[in-house]
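**Q** Quick one: this structure, given as structure tokens, is what I'll be asking you about.
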Amino acid sequence: TVSTNANPFRGMRDIDAKNSPVNYSDRSAAASITSSNSYVGAAVPVRCVKEEKVTPATPAEPTGPKAAFLGDSITEVWEARTSNPDFFKSNDYVHQGQSGTMTSNFASRYNWVRAKDPQVTVICGGINDLAENGDYWVPLEDTYNNIRMIARMAELSGSQVIIGSTPPANAIWWNDAAWNAAHSDIGERVVQLNAKLKALAEECGYTYCDYHTALKDDQNGLALQYSWTSSDRVHP
């Protein structure tokens with residue numbers, strides 16, 4: 001028999017499971033082909049398994065737009081908030097930003113990006129995972145793995161990959177005061193996620209775009225001068 005194994009995208013977890021341990025032992029480092037044969041001898045079934053790494057074929061050069069951006073509301077409103085309304089169009093950029101989405105949702109929307117066959121794929125997200133949108137908790141490792149898998153798919157399609165850091169935030173305005181008090185470490189968690197994303201980019205040869213360092217204040221929040229409004233402090 002022949003089976004193909006690949007890492008799944010990690011979805012959202014019920015908020016009640018937040019303090020339960022997470023088992024990551026089922027995640028393989030890369031896709032593989034498993035060939036196996038079963039034998040019966042002395043009334044004891046014996047199964048021999050041989051695993052071989054798959055070498056992907058060299059992809060064709062992309063023929064689509066110069067860059068496609070995949071993300072959440074920060075990506076979605078980027079085009080609308082620039083002082084140059086033709087910024088995306090004039091630079092041959094397209095985007096698939098969607099407000100409120102978590103990185104587990106990026107998987108289905110990557111299909112739109114892939115269909116565009118962009119020369120460069122820019123991935124930026126994560127803040128909605130940390131904000132526990134919809135009362136769902138996503139472990140930091142799952143957020144990282146979702147972005148990692150999308151980056152790998154983009155790479156295999158022949159697109160150059162840019163991973164954008166999650167922009168700084170140390171409070172979530174759409175969550176209440178009690179939630180923010182209980183999550184006072186969110187600014188540090190953004191820093192932890194970005195450290196993992198930067199290491200991924202260095203390991204895989206992707207470009208890392210460090211929005212965080214450029215936009216942060218001394219409390220690891222979004223500096224006031226870069227915030228969309230003075231009360232937002234999440235969206236640049």
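Going through the structure tokens in order, the chains are called A, B, and so on, while each chain numbers its residues from 1 and the ligands are numbered from 1 in the order shown.
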Got a sec: who's within 8 Å of segment 64-79 of chain A, counting only C-alpha atoms, leaving out chain neighbours fewer than 5 positions off, as a compact mmCIF listing (two decimals) with all heavy atoms, in the first residue's frame?
**A**
# COMPACT_ATOMS: atom_id res chain seq x y z
N PRO A 85 -4.06 55.73 -3.40
CA PRO A 85 -5.12 54.73 -3.61
C PRO A 85 -4.79 53.72 -4.70
O PRO A 85 -5.41 52.66 -4.77
CB PRO A 85 -6.33 55.58 -3.99
CG PRO A 85 -5.77 56.87 -4.49
CD PRO A 85 -4.52 57.10 -3.70
N PHE A 87 -1.78 52.34 -4.97
CA PHE A 87 -0.52 51.71 -4.55
C PHE A 87 -0.46 50.24 -4.95
O PHE A 87 0.52 49.78 -5.55
CB PHE A 87 -0.35 51.85 -3.04
CG PHE A 87 0.83 51.11 -2.48
CD1 PHE A 87 2.12 51.59 -2.69
CD2 PHE A 87 0.66 49.95 -1.74
CE1 PHE A 87 3.22 50.91 -2.18
CE2 PHE A 87 1.75 49.26 -1.22
CZ PHE A 87 3.03 49.76 -1.44
N PHE A 88 -1.51 49.49 -4.64
CA PHE A 88 -1.50 48.06 -4.98
C PHE A 88 -1.56 47.85 -6.49
O PHE A 88 -0.76 47.11 -7.07
CB PHE A 88 -2.66 47.35 -4.28
CG PHE A 88 -2.33 46.87 -2.90
CD1 PHE A 88 -2.15 47.77 -1.85
CD2 PHE A 88 -2.19 45.52 -2.62
CE1 PHE A 88 -1.85 47.33 -0.57
CE2 PHE A 88 -1.88 45.07 -1.35
CZ PHE A 88 -1.71 45.98 -0.32
N ASN A 91 1.56 48.82 -8.50
CA ASN A 91 2.72 47.96 -8.26
C ASN A 91 2.46 46.50 -8.63
O ASN A 91 3.30 45.64 -8.36
CB ASN A 91 3.15 48.05 -6.80
CG ASN A 91 3.85 49.36 -6.48
OD1 ASN A 91 5.00 49.56 -6.87
ND2 ASN A 91 3.15 50.25 -5.80
N ASP A 92 1.29 46.22 -9.22
CA ASP A 92 0.92 44.86 -9.61
C ASP A 92 0.82 43.95 -8.39
O ASP A 92 1.31 42.82 -8.39
CB ASP A 92 1.92 44.30 -10.63
CG ASP A 92 1.38 43.06 -11.36
OD1 ASP A 92 0.15 42.89 -11.39
OD2 ASP A 92 2.21 42.28 -11.86
N TYR A 93 0.18 44.46 -7.32
CA TYR A 93 -0.06 43.69 -6.10
C TYR A 93 -1.55 43.34 -6.01
O TYR A 93 -2.41 44.13 -6.45
CB TYR A 93 0.30 44.49 -4.85
CG TYR A 93 1.74 44.92 -4.72
CD1 TYR A 93 2.09 45.99 -3.89
CD2 TYR A 93 2.77 44.26 -5.39
CE1 TYR A 93 3.40 46.39 -3.73
CE2 TYR A 93 4.09 44.66 -5.25
CZ TYR A 93 4.40 45.73 -4.42
OH TYR A 93 5.71 46.13 -4.28
N VAL A 94 -1.85 42.19 -5.42
CA VAL A 94 -3.22 41.83 -5.07
C VAL A 94 -3.21 41.36 -3.62
O VAL A 94 -2.16 41.03 -3.07
CB VAL A 94 -3.77 40.71 -5.99
CG1 VAL A 94 -3.89 41.19 -7.42
CG2 VAL A 94 -2.91 39.45 -5.90
N HIS A 95 -4.38 41.35 -2.99
CA HIS A 95 -4.40 40.89 -1.61
C HIS A 95 -5.63 40.05 -1.31
O HIS A 95 -6.68 40.18 -1.96
CB HIS A 95 -4.31 42.07 -0.62
CG HIS A 95 -5.55 42.89 -0.50
ND1 HIS A 95 -6.62 42.52 0.29
CD2 HIS A 95 -5.90 44.07 -1.06
CE1 HIS A 95 -7.56 43.43 0.21
NE2 HIS A 95 -7.16 44.39 -0.61
N GLN A 96 -5.47 39.18 -0.33
CA GLN A 96 -6.56 38.37 0.19
C GLN A 96 -6.53 38.53 1.72
O GLN A 96 -6.16 37.63 2.46
CB GLN A 96 -6.38 36.90 -0.22
CG GLN A 96 -7.43 35.92 0.30
CD GLN A 96 -8.85 36.33 0.03
OE1 GLN A 96 -9.57 36.68 0.95
NE2 GLN A 96 -9.27 36.26 -1.23
N GLY A 97 -6.89 39.75 2.15
CA GLY A 97 -7.01 40.03 3.57
C GLY A 97 -8.47 39.95 3.97
O GLY A 97 -9.33 40.39 3.22
N GLN A 98 -8.73 39.39 5.15
CA GLN A 98 -10.11 39.23 5.59
C GLN A 98 -10.20 39.51 7.08
O GLN A 98 -9.52 38.88 7.89
CB GLN A 98 -10.62 37.83 5.26
CG GLN A 98 -12.12 37.68 5.41
CD GLN A 98 -12.59 36.35 4.86
OE1 GLN A 98 -12.93 35.44 5.62
NE2 GLN A 98 -12.60 36.22 3.54
N SER A 99 -11.05 40.45 7.43
CA SER A 99 -11.15 40.92 8.81
C SER A 99 -11.55 39.80 9.77
O SER A 99 -12.44 39.00 9.47
CB SER A 99 -12.17 42.06 8.89
OG SER A 99 -12.31 42.53 10.21
N GLY A 100 -10.88 39.76 10.91
CA GLY A 100 -11.24 38.86 11.99
C GLY A 100 -10.75 37.44 11.84
O GLY A 100 -10.95 36.62 12.74
N THR A 101 -10.10 37.10 10.72
CA THR A 101 -9.74 35.71 10.49
C THR A 101 -8.49 35.30 11.26
O THR A 101 -7.58 36.08 11.49
CB THR A 101 -9.51 35.44 9.00
OG1 THR A 101 -8.58 36.39 8.48
CG2 THR A 101 -10.81 35.54 8.22
N MET A 102 -8.50 34.02 11.65
CA MET A 102 -7.37 33.42 12.35
C MET A 102 -6.54 32.64 11.34
O MET A 102 -6.97 32.39 10.21
CB MET A 102 -7.90 32.54 13.48
CG MET A 102 -8.81 33.33 14.43
SD MET A 102 -9.80 32.30 15.51
CE MET A 102 -8.68 32.10 16.89
N PHE A 106 -6.59 30.78 7.05
CA PHE A 106 -5.74 31.16 5.93
C PHE A 106 -5.62 30.03 4.90
O PHE A 106 -5.40 30.29 3.72
CB PHE A 106 -4.33 31.53 6.40
CG PHE A 106 -4.22 32.87 7.07
CD1 PHE A 106 -5.32 33.53 7.58
CD2 PHE A 106 -2.97 33.48 7.20
CE1 PHE A 106 -5.21 34.76 8.20
CE2 PHE A 106 -2.84 34.72 7.81
CZ PHE A 106 -3.96 35.36 8.31
N ARG A 109 -8.16 30.14 2.11
CA ARG A 109 -7.99 31.35 1.32
C ARG A 109 -6.68 31.36 0.55
O ARG A 109 -6.51 32.12 -0.41
CB ARG A 109 -8.12 32.59 2.21
CG ARG A 109 -9.55 32.77 2.68
CD ARG A 109 -9.78 34.11 3.33
NE ARG A 109 -9.03 34.26 4.56
CZ ARG A 109 -8.10 35.19 4.78
NH1 ARG A 109 -7.79 36.05 3.83
NH2 ARG A 109 -7.49 35.26 5.94
N TYR A 110 -5.73 30.50 0.94
CA TYR A 110 -4.50 30.40 0.16
C TYR A 110 -4.80 29.92 -1.26
O TYR A 110 -4.07 30.26 -2.20
CB TYR A 110 -3.49 29.47 0.83
CG TYR A 110 -2.30 29.22 -0.06
CD1 TYR A 110 -1.34 30.22 -0.27
CD2 TYR A 110 -2.17 28.02 -0.76
CE1 TYR A 110 -0.29 30.02 -1.16
CE2 TYR A 110 -1.12 27.82 -1.64
CZ TYR A 110 -0.18 28.82 -1.82
OH TYR A 110 0.86 28.62 -2.70
N VAL A 113 -4.93 32.73 -3.49
CA VAL A 113 -3.59 33.25 -3.76
C VAL A 113 -2.88 32.36 -4.78
O VAL A 113 -2.29 32.84 -5.75
CB VAL A 113 -2.77 33.33 -2.45
CG1 VAL A 113 -1.31 33.67 -2.74
CG2 VAL A 113 -3.37 34.36 -1.51
N LYS A 116 -3.75 32.81 -8.38
CA LYS A 116 -3.21 34.02 -9.01
C LYS A 116 -1.78 33.80 -9.52
O LYS A 116 -1.29 34.59 -10.31
CB LYS A 116 -3.20 35.17 -7.99
CG LYS A 116 -4.60 35.63 -7.54
CD LYS A 116 -5.38 36.25 -8.66
CE LYS A 116 -6.72 36.77 -8.18
NZ LYS A 116 -7.52 37.35 -9.29
N ASP A 117 -1.13 32.73 -9.04
CA ASP A 117 0.24 32.40 -9.46
C ASP A 117 1.19 33.58 -9.27
O ASP A 117 1.89 34.00 -10.21
CB ASP A 117 0.24 31.93 -10.91
CG ASP A 117 1.52 31.18 -11.28
OD1 ASP A 117 2.18 30.63 -10.38
OD2 ASP A 117 1.89 31.17 -12.48
N PRO A 118 1.26 34.14 -8.04
CA PRO A 118 2.08 35.34 -7.83
C PRO A 118 3.57 35.03 -7.82
O PRO A 118 3.99 33.93 -7.46
CB PRO A 118 1.62 35.81 -6.44
CG PRO A 118 1.25 34.55 -5.73
CD PRO A 118 0.61 33.69 -6.80
N GLN A 119 4.35 36.02 -8.19
CA GLN A 119 5.80 35.88 -8.13
C GLN A 119 6.29 35.86 -6.68
O GLN A 119 7.27 35.20 -6.35
CB GLN A 119 6.45 37.03 -8.90
CG GLN A 119 6.09 37.05 -10.38
CD GLN A 119 6.53 38.33 -11.06
OE1 GLN A 119 7.67 38.77 -10.88
NE2 GLN A 119 5.65 38.94 -11.84
N VAL A 120 5.58 36.60 -5.83
CA VAL A 120 5.92 36.69 -4.40
C VAL A 120 4.65 36.50 -3.59
O VAL A 120 3.60 37.06 -3.95
CB VAL A 120 6.57 38.05 -4.06
CG1 VAL A 120 6.86 38.15 -2.56
CG2 VAL A 120 7.85 38.25 -4.86
N THR A 121 4.71 35.73 -2.51
CA THR A 121 3.60 35.57 -1.59
C THR A 121 3.99 36.16 -0.24
O THR A 121 5.01 35.77 0.34
CB THR A 121 3.22 34.09 -1.41
OG1 THR A 121 2.83 33.55 -2.67
CG2 THR A 121 2.07 33.93 -0.41
N VAL A 122 3.19 37.10 0.24
CA VAL A 122 3.46 37.77 1.51
C VAL A 122 2.42 37.29 2.52
O VAL A 122 1.22 37.41 2.29
CB VAL A 122 3.38 39.31 1.37
CG1 VAL A 122 3.75 39.99 2.69
CG2 VAL A 122 4.28 39.80 0.24
N ILE A 123 2.86 36.74 3.63
CA ILE A 123 1.97 36.18 4.66
C ILE A 123 2.15 36.97 5.94
O ILE A 123 3.26 37.14 6.43
CB ILE A 123 2.30 34.70 4.93
CG1 ILE A 123 2.35 33.90 3.62
CG2 ILE A 123 1.29 34.08 5.90
CD1 ILE A 123 3.08 32.58 3.75
N CYS A 124 1.03 37.45 6.48
CA CYS A 124 1.09 38.20 7.74
C CYS A 124 -0.20 37.96 8.52
O CYS A 124 -1.30 38.20 8.01
CB CYS A 124 1.27 39.69 7.47
SG CYS A 124 1.40 40.69 8.97
N GLY A 125 -0.08 37.49 9.74
CA GLY A 125 -1.25 37.23 10.57
C GLY A 125 -0.85 36.82 11.97
O GLY A 125 0.33 36.85 12.33
N HIS A 235 -4.26 48.05 14.62
CA HIS A 235 -4.13 48.20 13.17
C HIS A 235 -3.25 49.41 12.82
O HIS A 235 -3.58 50.53 13.17
CB HIS A 235 -5.50 48.40 12.51
CG HIS A 235 -6.44 47.25 12.72
ND1 HIS A 235 -7.21 47.12 13.86
CD2 HIS A 235 -6.70 46.18 11.94
CE1 HIS A 235 -7.93 46.02 13.76
NE2 HIS A 235 -7.64 45.43 12.62
N PRO A 236 -2.13 49.18 12.15
CA PRO A 236 -1.28 50.32 11.73
C PRO A 236 -2.01 51.20 10.73
O PRO A 236 -2.86 50.73 9.99
CB PRO A 236 -0.06 49.63 11.07
CG PRO A 236 -0.09 48.22 11.59
CD PRO A 236 -1.53 47.88 11.79
**Q** Per DSSP on the backbone, what are the alpha helix (DSSP H) residues of segment 54-208 of chain A, as a PyMOL selection string?
**A** chain A and resi 73-76+78-81+87-90+103-116+127-130+140-156+177-182+186-204
**Q** Smallest atom-to-atom distance to Ala154 of chain A: which of A:Ser184, A:Thr82, A:Asn111, A:Gln192, using only C-alpha atoms?
**A**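 For Ala154 of chain A, the nearest of the given residues is A:Asn111.
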**Q** Identify, on the basis of only C-alpha atoms, every residue whose closest approach to segment 201-206 of chain A does not exceed 9 Å; exclude the query and any residue fewer than 5 positions from it along the same chain; express the result as a PyMOL selection string.
**A** chain A and resi 151-152+155+160-163+196
